[in-house]
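So this block is model.txt, compact mmCIF, C-alpha atoms:
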```txt
# COMPACT_ATOMS: atom_id res chain seq x y z
CA MET A 1 4.87 12.61 -6.85
CA GLN A 2 6.74 9.98 -4.88
CA VAL A 3 10.32 9.16 -5.85
CA LEU A 4 11.11 5.51 -6.56
CA GLN A 5 13.62 4.23 -4.06
CA LYS A 6 16.35 1.80 -5.01
CA THR A 7 14.32 -1.20 -3.87
CA GLN A 8 10.55 -1.28 -4.27
CA THR A 9 7.95 -4.03 -4.41
CA ILE A 10 5.40 -3.26 -7.12
CA VAL A 11 2.16 -5.12 -7.82
CA ARG A 12 -0.64 -4.90 -10.34
CA TYR A 13 -4.03 -5.69 -8.87
CA GLN A 14 -7.74 -5.64 -9.52
CA LYS A 15 -10.08 -3.72 -7.26
CA PRO A 16 -13.69 -4.75 -6.54
CA ASN A 17 -14.91 -2.44 -9.31
CA GLY A 18 -12.85 -4.45 -11.80
CA LYS A 19 -10.30 -1.73 -12.51
CA ALA A 20 -6.62 -2.68 -12.55
CA SER A 21 -4.01 -0.48 -10.88
CA TYR A 22 -0.37 -0.57 -9.96
CA GLY A 23 0.77 -0.02 -6.41
CA ILE A 24 3.74 -0.17 -4.06
CA VAL A 25 3.61 -2.76 -1.29
CA GLU A 26 4.36 -1.54 2.22
CA ASP A 27 3.85 -4.19 4.88
CA ASN A 28 0.24 -5.39 4.47
CA GLU A 29 -0.90 -2.41 2.44
CA ILE A 30 -0.64 -1.25 -1.14
CA LEU A 31 -0.04 2.43 -1.94
CA GLN A 32 -2.14 2.89 -5.04
CA LEU A 33 -0.60 4.60 -8.05
CA SER A 34 -2.32 6.40 -10.88
CA SER A 35 0.82 5.84 -12.98
CA ASP A 36 0.80 3.34 -15.82
CA PHE A 37 3.66 0.91 -16.45
CA ALA A 38 5.47 3.23 -18.86
CA GLU A 39 5.48 5.97 -16.23
CA ILE A 40 6.58 3.60 -13.46
CA VAL A 41 9.63 2.33 -15.35
CA ASN A 42 10.57 5.97 -15.95
CA ASN A 43 10.41 6.64 -12.20
CA ASP A 44 7.27 8.77 -12.56
CA LEU A 45 5.27 7.48 -9.60
CA LYS A 46 2.02 9.24 -8.79
CA PHE A 47 0.58 8.13 -5.45
CA ASP A 48 -3.13 8.97 -5.61
CA GLY A 49 -3.65 8.95 -1.84
CA VAL A 50 -5.45 5.58 -1.67
CA ARG A 51 -4.18 2.72 0.48
CA VAL A 52 -5.73 -0.73 0.16
CA LYS A 53 -5.17 -3.90 2.12
CA TYR A 54 -3.17 -6.48 0.18
CA SER A 55 -5.66 -9.17 1.21
CA ASP A 56 -8.64 -7.17 -0.11
CA VAL A 57 -7.61 -7.16 -3.78
CA LYS A 58 -6.89 -9.70 -6.49
CA ILE A 59 -3.24 -9.74 -7.43
CA LEU A 60 -2.74 -9.87 -11.21
CA GLU A 61 0.26 -10.72 -13.35
CA PRO A 62 2.65 -7.83 -12.64
CA VAL A 63 3.10 -7.01 -16.34
CA ILE A 64 1.45 -7.64 -19.70
CA PRO A 65 4.51 -8.45 -21.82
CA SER A 66 4.76 -8.38 -25.58
CA LYS A 67 6.68 -11.64 -25.30
CA ILE A 68 7.92 -14.21 -22.79
CA VAL A 69 11.47 -15.25 -23.58
CA ASN A 70 12.72 -18.45 -21.95
CA PHE A 71 16.34 -19.48 -21.57
CA GLY A 72 16.71 -23.22 -21.13
CA TRP A 73 19.49 -25.38 -19.66
CA THR A 74 21.19 -22.47 -17.90
CA TYR A 75 21.60 -24.73 -14.84
CA ALA A 76 23.73 -27.82 -15.43
CA GLY A 77 21.70 -30.02 -13.07
CA HIS A 78 18.42 -29.27 -14.81
CA ALA A 79 19.97 -29.77 -18.25
CA LYS A 80 21.16 -33.23 -17.22
CA GLU A 81 17.87 -34.30 -15.64
CA THR A 82 15.84 -33.32 -18.72
CA GLY A 83 18.15 -34.78 -21.35
CA GLY A 84 19.71 -31.46 -22.29
CA THR A 85 23.30 -30.31 -22.61
CA ALA A 86 25.03 -28.76 -19.61
CA ASN A 87 27.27 -25.69 -19.74
CA LEU A 88 26.23 -24.50 -23.16
CA LYS A 89 28.00 -21.49 -24.64
CA GLU A 90 24.59 -20.18 -25.70
CA PRO A 91 21.22 -20.84 -24.02
CA PHE A 92 18.54 -23.10 -25.41
CA LEU A 93 15.91 -20.57 -26.50
CA PHE A 94 12.13 -20.81 -26.68
CA LEU A 95 9.13 -18.50 -26.33
CA LYS A 96 5.87 -18.87 -24.44
CA PRO A 97 2.62 -17.26 -25.61
CA THR A 98 1.14 -14.54 -23.43
CA SER A 99 -2.01 -16.71 -23.24
CA SER A 100 -0.05 -19.02 -20.93
CA LEU A 101 0.15 -16.38 -18.18
CA ILE A 102 -1.74 -16.70 -14.89
CA PRO A 103 -1.23 -14.72 -11.67
CA ASP A 104 -0.34 -15.71 -8.14
CA GLN A 105 -3.12 -17.88 -6.69
CA GLY A 106 -4.24 -18.80 -10.21
CA GLU A 107 -5.03 -22.32 -11.39
CA ILE A 108 -2.73 -24.40 -13.57
CA ILE A 109 -5.16 -26.37 -15.74
CA LEU A 110 -3.77 -29.74 -16.78
CA PRO A 111 -4.47 -30.58 -20.43
CA SER A 112 -6.35 -33.72 -21.39
CA PRO A 113 -4.39 -36.96 -20.82
CA ASP A 114 -4.83 -37.50 -24.56
CA LEU A 115 -2.44 -34.56 -25.05
CA THR A 116 0.08 -35.02 -22.25
CA GLN A 117 0.58 -37.27 -19.25
CA GLN A 118 3.64 -35.64 -17.69
CA VAL A 119 3.26 -31.98 -16.66
CA GLU A 120 6.14 -30.71 -14.56
CA LEU A 121 7.04 -27.60 -12.55
CA GLU A 122 10.09 -25.38 -13.03
CA GLY A 123 10.62 -22.53 -10.57
CA GLU A 124 12.62 -19.61 -11.96
CA VAL A 125 13.69 -16.00 -11.50
CA ALA A 126 12.41 -13.78 -14.31
CA ILE A 127 13.72 -10.43 -15.52
CA VAL A 128 11.32 -7.60 -16.36
CA ILE A 129 12.70 -5.29 -19.03
CA GLY A 130 12.40 -1.55 -18.37
CA LYS A 131 13.29 0.05 -21.69
CA ARG A 132 13.63 -0.92 -25.32
CA ALA A 133 16.78 -2.95 -25.88
CA LYS A 134 18.40 -3.82 -29.19
CA ASN A 135 22.02 -4.87 -29.74
CA VAL A 136 23.05 -3.96 -26.20
CA THR A 137 26.43 -4.94 -24.80
CA GLU A 138 26.93 -7.04 -21.69
CA GLU A 139 28.40 -3.98 -19.98
CA GLU A 140 25.22 -1.95 -20.47
CA ALA A 141 22.70 -4.82 -20.25
CA MET A 142 21.68 -4.27 -16.63
CA ASP A 143 20.65 -0.69 -17.45
CA TYR A 144 17.71 -2.19 -19.34
CA VAL A 145 16.39 -4.19 -16.36
CA PHE A 146 13.47 -2.76 -14.44
CA GLY A 147 13.20 -5.50 -11.85
CA TYR A 148 12.69 -9.17 -11.08
CA THR A 149 9.75 -11.46 -10.51
CA LEU A 150 8.99 -15.18 -10.21
CA PHE A 151 8.01 -17.60 -12.95
CA ASN A 152 6.92 -21.22 -13.09
CA ASP A 153 7.85 -22.64 -16.49
CA VAL A 154 5.19 -25.36 -16.48
CA THR A 155 6.18 -28.00 -19.01
CA ALA A 156 4.61 -31.03 -20.66
CA ARG A 157 7.82 -33.01 -20.42
CA ASP A 158 6.67 -35.91 -22.55
CA LEU A 159 5.99 -33.50 -25.41
CA THR A 160 9.28 -31.60 -25.16
CA LYS A 161 11.07 -34.94 -25.33
CA THR A 162 9.31 -35.96 -28.55
CA ASP A 163 8.51 -32.73 -30.40
CA PRO A 164 11.26 -31.19 -32.58
CA GLN A 165 10.83 -27.90 -30.71
CA PHE A 166 9.27 -26.82 -27.42
CA THR A 167 6.29 -24.68 -28.41
CA ARG A 168 3.58 -27.24 -27.74
CA GLY A 169 5.05 -28.63 -24.53
CA LYS A 170 5.57 -25.16 -23.08
CA GLY A 171 2.67 -23.26 -24.58
CA PHE A 172 -0.58 -24.56 -23.10
CA ASP A 173 -2.92 -22.05 -21.47
CA THR A 174 -2.02 -21.52 -17.77
CA PHE A 175 1.52 -22.89 -18.25
CA GLY A 176 3.06 -19.52 -17.27
CA PRO A 177 2.42 -18.54 -13.65
CA LEU A 178 4.02 -15.11 -13.08
CA GLY A 179 4.33 -12.82 -10.09
CA PRO A 180 3.17 -11.85 -7.60
CA CYS A 181 5.28 -8.68 -7.75
CA ILE A 182 8.22 -6.94 -9.36
CA VAL A 183 11.08 -6.09 -7.03
CA THR A 184 13.50 -3.41 -8.16
CA GLY A 185 17.06 -2.67 -7.16
CA ILE A 186 18.23 -6.12 -6.05
CA ASP A 187 21.30 -8.11 -7.07
CA PRO A 188 20.10 -11.18 -9.03
CA THR A 189 23.39 -13.07 -8.95
CA ASN A 190 22.97 -14.83 -5.59
CA LEU A 191 19.28 -15.58 -5.01
CA ARG A 192 18.08 -18.83 -3.51
CA ILE A 193 15.24 -20.51 -5.44
CA VAL A 194 13.06 -22.99 -3.56
CA THR A 195 10.07 -24.74 -5.09
CA LYS A 196 7.67 -26.71 -2.91
CA LEU A 197 5.11 -29.24 -4.05
CA ASN A 198 2.41 -29.75 -1.41
CA GLY A 199 4.77 -28.33 1.19
CA GLN A 200 7.73 -30.55 0.29
CA VAL A 201 10.87 -29.01 -1.15
CA VAL A 202 11.53 -30.36 -4.65
CA GLN A 203 13.87 -27.65 -5.97
CA ASP A 204 16.55 -25.85 -3.98
CA GLY A 205 18.99 -23.90 -6.11
CA ASN A 206 20.63 -20.52 -6.46
CA THR A 207 21.13 -18.12 -9.32
CA ASN A 208 24.87 -18.32 -8.61
CA GLN A 209 24.70 -21.78 -10.21
CA MET A 210 23.77 -20.40 -13.61
CA SER A 211 26.26 -21.28 -16.34
CA LEU A 212 25.44 -18.11 -18.29
CA SER A 213 25.25 -14.67 -16.68
CA ILE A 214 22.19 -12.43 -16.77
CA PRO A 215 24.06 -9.62 -18.61
CA PHE A 216 25.14 -12.17 -21.22
CA LEU A 217 21.57 -13.46 -21.65
CA ILE A 218 20.15 -9.94 -22.09
CA SER A 219 22.84 -8.93 -24.55
CA TRP A 220 22.57 -12.21 -26.45
CA ILE A 221 18.80 -12.09 -26.94
CA SER A 222 18.89 -8.38 -27.83
CA GLN A 223 20.99 -9.32 -30.86
CA VAL A 224 18.09 -11.52 -31.98
CA MET A 225 14.97 -9.52 -31.13
CA THR A 226 14.11 -6.10 -29.79
CA LEU A 227 13.07 -6.24 -26.15
CA GLU A 228 10.24 -3.95 -25.13
CA PRO A 229 9.38 -2.53 -21.69
CA GLY A 230 7.49 -5.16 -19.75
CA ASP A 231 8.94 -8.12 -21.62
CA VAL A 232 9.68 -11.11 -19.40
CA LEU A 233 12.92 -13.08 -19.62
CA ALA A 234 12.75 -16.35 -17.67
CA THR A 235 16.31 -17.24 -16.71
CA GLY A 236 15.99 -21.02 -16.38
CA SER A 237 15.32 -23.59 -13.71
CA PRO A 238 17.58 -25.36 -11.23
CA SER A 239 17.38 -29.13 -10.88
CA GLY A 240 14.41 -30.85 -9.25
CA SER A 241 11.71 -30.46 -11.87
CA CYS A 242 9.01 -33.02 -11.17
CA PRO A 243 5.46 -33.98 -12.22
CA MET A 244 2.31 -32.36 -10.84
CA LYS A 245 -1.18 -33.77 -10.57
CA SER A 246 -4.64 -32.37 -10.00
CA GLY A 247 -5.06 -31.12 -6.43
CA ASP A 248 -1.40 -30.21 -5.98
CA VAL A 249 -0.21 -26.85 -4.66
CA VAL A 250 3.01 -25.40 -6.07
CA VAL A 251 4.95 -22.58 -4.41
CA VAL A 252 8.01 -20.95 -5.95
CA GLU A 253 9.92 -18.84 -3.42
CA VAL A 254 12.92 -16.64 -4.09
CA GLU A 255 14.59 -14.61 -1.37
CA GLN A 256 14.15 -10.84 -1.68
CA ILE A 257 11.29 -11.31 -4.18
CA GLY A 258 8.54 -13.37 -2.57
CA LYS A 259 6.32 -16.40 -3.16
CA LEU A 260 4.33 -17.47 -6.22
CA CYS A 261 1.58 -19.93 -5.29
CA ASN A 262 -0.60 -21.82 -7.78
CA TYR A 263 -3.13 -24.63 -7.65
CA VAL A 264 -3.14 -27.55 -10.05
CA LYS A 265 -6.49 -28.55 -11.44
```

Same coordinates, now as structure tokens:
Amino acid sequence: MQVLQKTQTIVRYQKPNGKASYGIVEDNEILQLSSDFAEIVNNDLKFDGVRVKYSDVKILEPVIPSKIVNFGWTYAGHAKETGGTANLKEPFLFLKPTSSLIPDQGEIILPSPDLTQQVELEGEVAIVIGKRAKNVTEEEAMDYVFGYTLFNDVTARDLTKTDPQFTRGKGFDTFGPLGPCIVTGIDPTNLRIVTKLNGQVVQDGNTNQMSLSIPFLISWISQVMTLEPGDVLATGSPSGSCPMKSGDVVVVEVEQIGKLCNYVK
């Protein structure tokens, strides 16, 4: 058994035989684990002796969450640019269906123009929960975090502006790119978030600009719903959200975590 170090980069991937496994990334290789997610979050890592090249496997979404919780308008600039309210005392809350998830290198499929004509990107840092959390305090909230990953909160902006709530505008299939990895043991309070559209920087923010802290967000949502291991909490987007069109390439990059690349179709 290999002991989990303070900082690890963990991926879930599909091998040529179709089987999915977890592994630890070391340089250009993945150390394959026989452990499942429940064992991994409990620091029970079983390295089965197999090493695979990162480029030889298909990277999957790093977790299969029971729910995707989204905190909106946690960055003042993004709240203002989308018609929201800056510096809220509580976040604007919405959920995404798990059917919205796609992995790194996956395709964002634009809905019919009859449904929406303004689909936008939103690069974010996402929290992956490591153990069941209910009614936790801010002081203990970080004990429930397993690690961090990247999220693109793809949004039909014309629909969120007209619908009374965000489910339709946020919930289309493929509107939840997630990954490519989970990184453990990092400080999430000062991470630069850069989103590029066809190589051009459109978002350049930092988690230190958030108006609500991550411990507050975890504690706050745990008063509402029980968080389960593997649940994803998307912490909100900095300013710079902009429309995408078919043929575009979107890359969300966060220091210490990695890059999430997706293709618009």

Take atom CA of A:Gly230 and atom CA of A:Gln14 and report the distance between them in Å, one decimal. 18.4 Å

When you count all atoms listed in the file, which of these residues is closest to A:Leu95: A:Val69, A:Val254, A:Leu115, A:Val41?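 Comparing A:Val69, A:Val254, A:Leu115, A:Val41 against A:Leu95, the winner is A:Val69.
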
For stretch 233-236 of chain A, please output as a ChimeraX atom specification all residues within 8 Å (counting all atoms listed in the file; exclusion window: fewer than 5 positions along the same chain). /A:68-75,124-129,151,214

From the list A:Gln256, A:Asp36, A:Lys170, A:Ser222, the nearest residue to A:Asn190 using all atoms listed in the file is A:Gln256

Let me have the centre and edge lengths of the axis-aligned box enclosing all listed atoms of stretch 78-85 of chain A with 6 Å padding on every side, in Å to one decimal, as JSON.
```
{"center_x": 19.6, "center_y": -32.0, "center_z": -18.7, "size_x": 19.5, "size_y": 17.5, "size_z": 19.8}
```

Compile the contact shell of A:Leu110 as a ChimeraX atom specification: residues with an atom at most 10 Å away, counting only C-alpha atoms, same-chain residues fewer than 2 positions apart removed. /A:107-108,112-113,115-119,154,156,172-175,244-246,264-265

Take the point (9.5, -32.7, -23.2) in the file's coordinates, draw a sphere of radius 12 Å around it, and report as a ChimeraX atom specification every protein, DNA or RNA residue with an atom inside or on it, counting all atoms listed in the file. /A:79,81-84,116-120,154-171,241,243

Hey, can you check how far atom CA of A:Ile109 sits from atom CA of A:Lys15?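 Pair atom CA of A:Ile109 / atom CA of A:Lys15 returns 24.7 Å.
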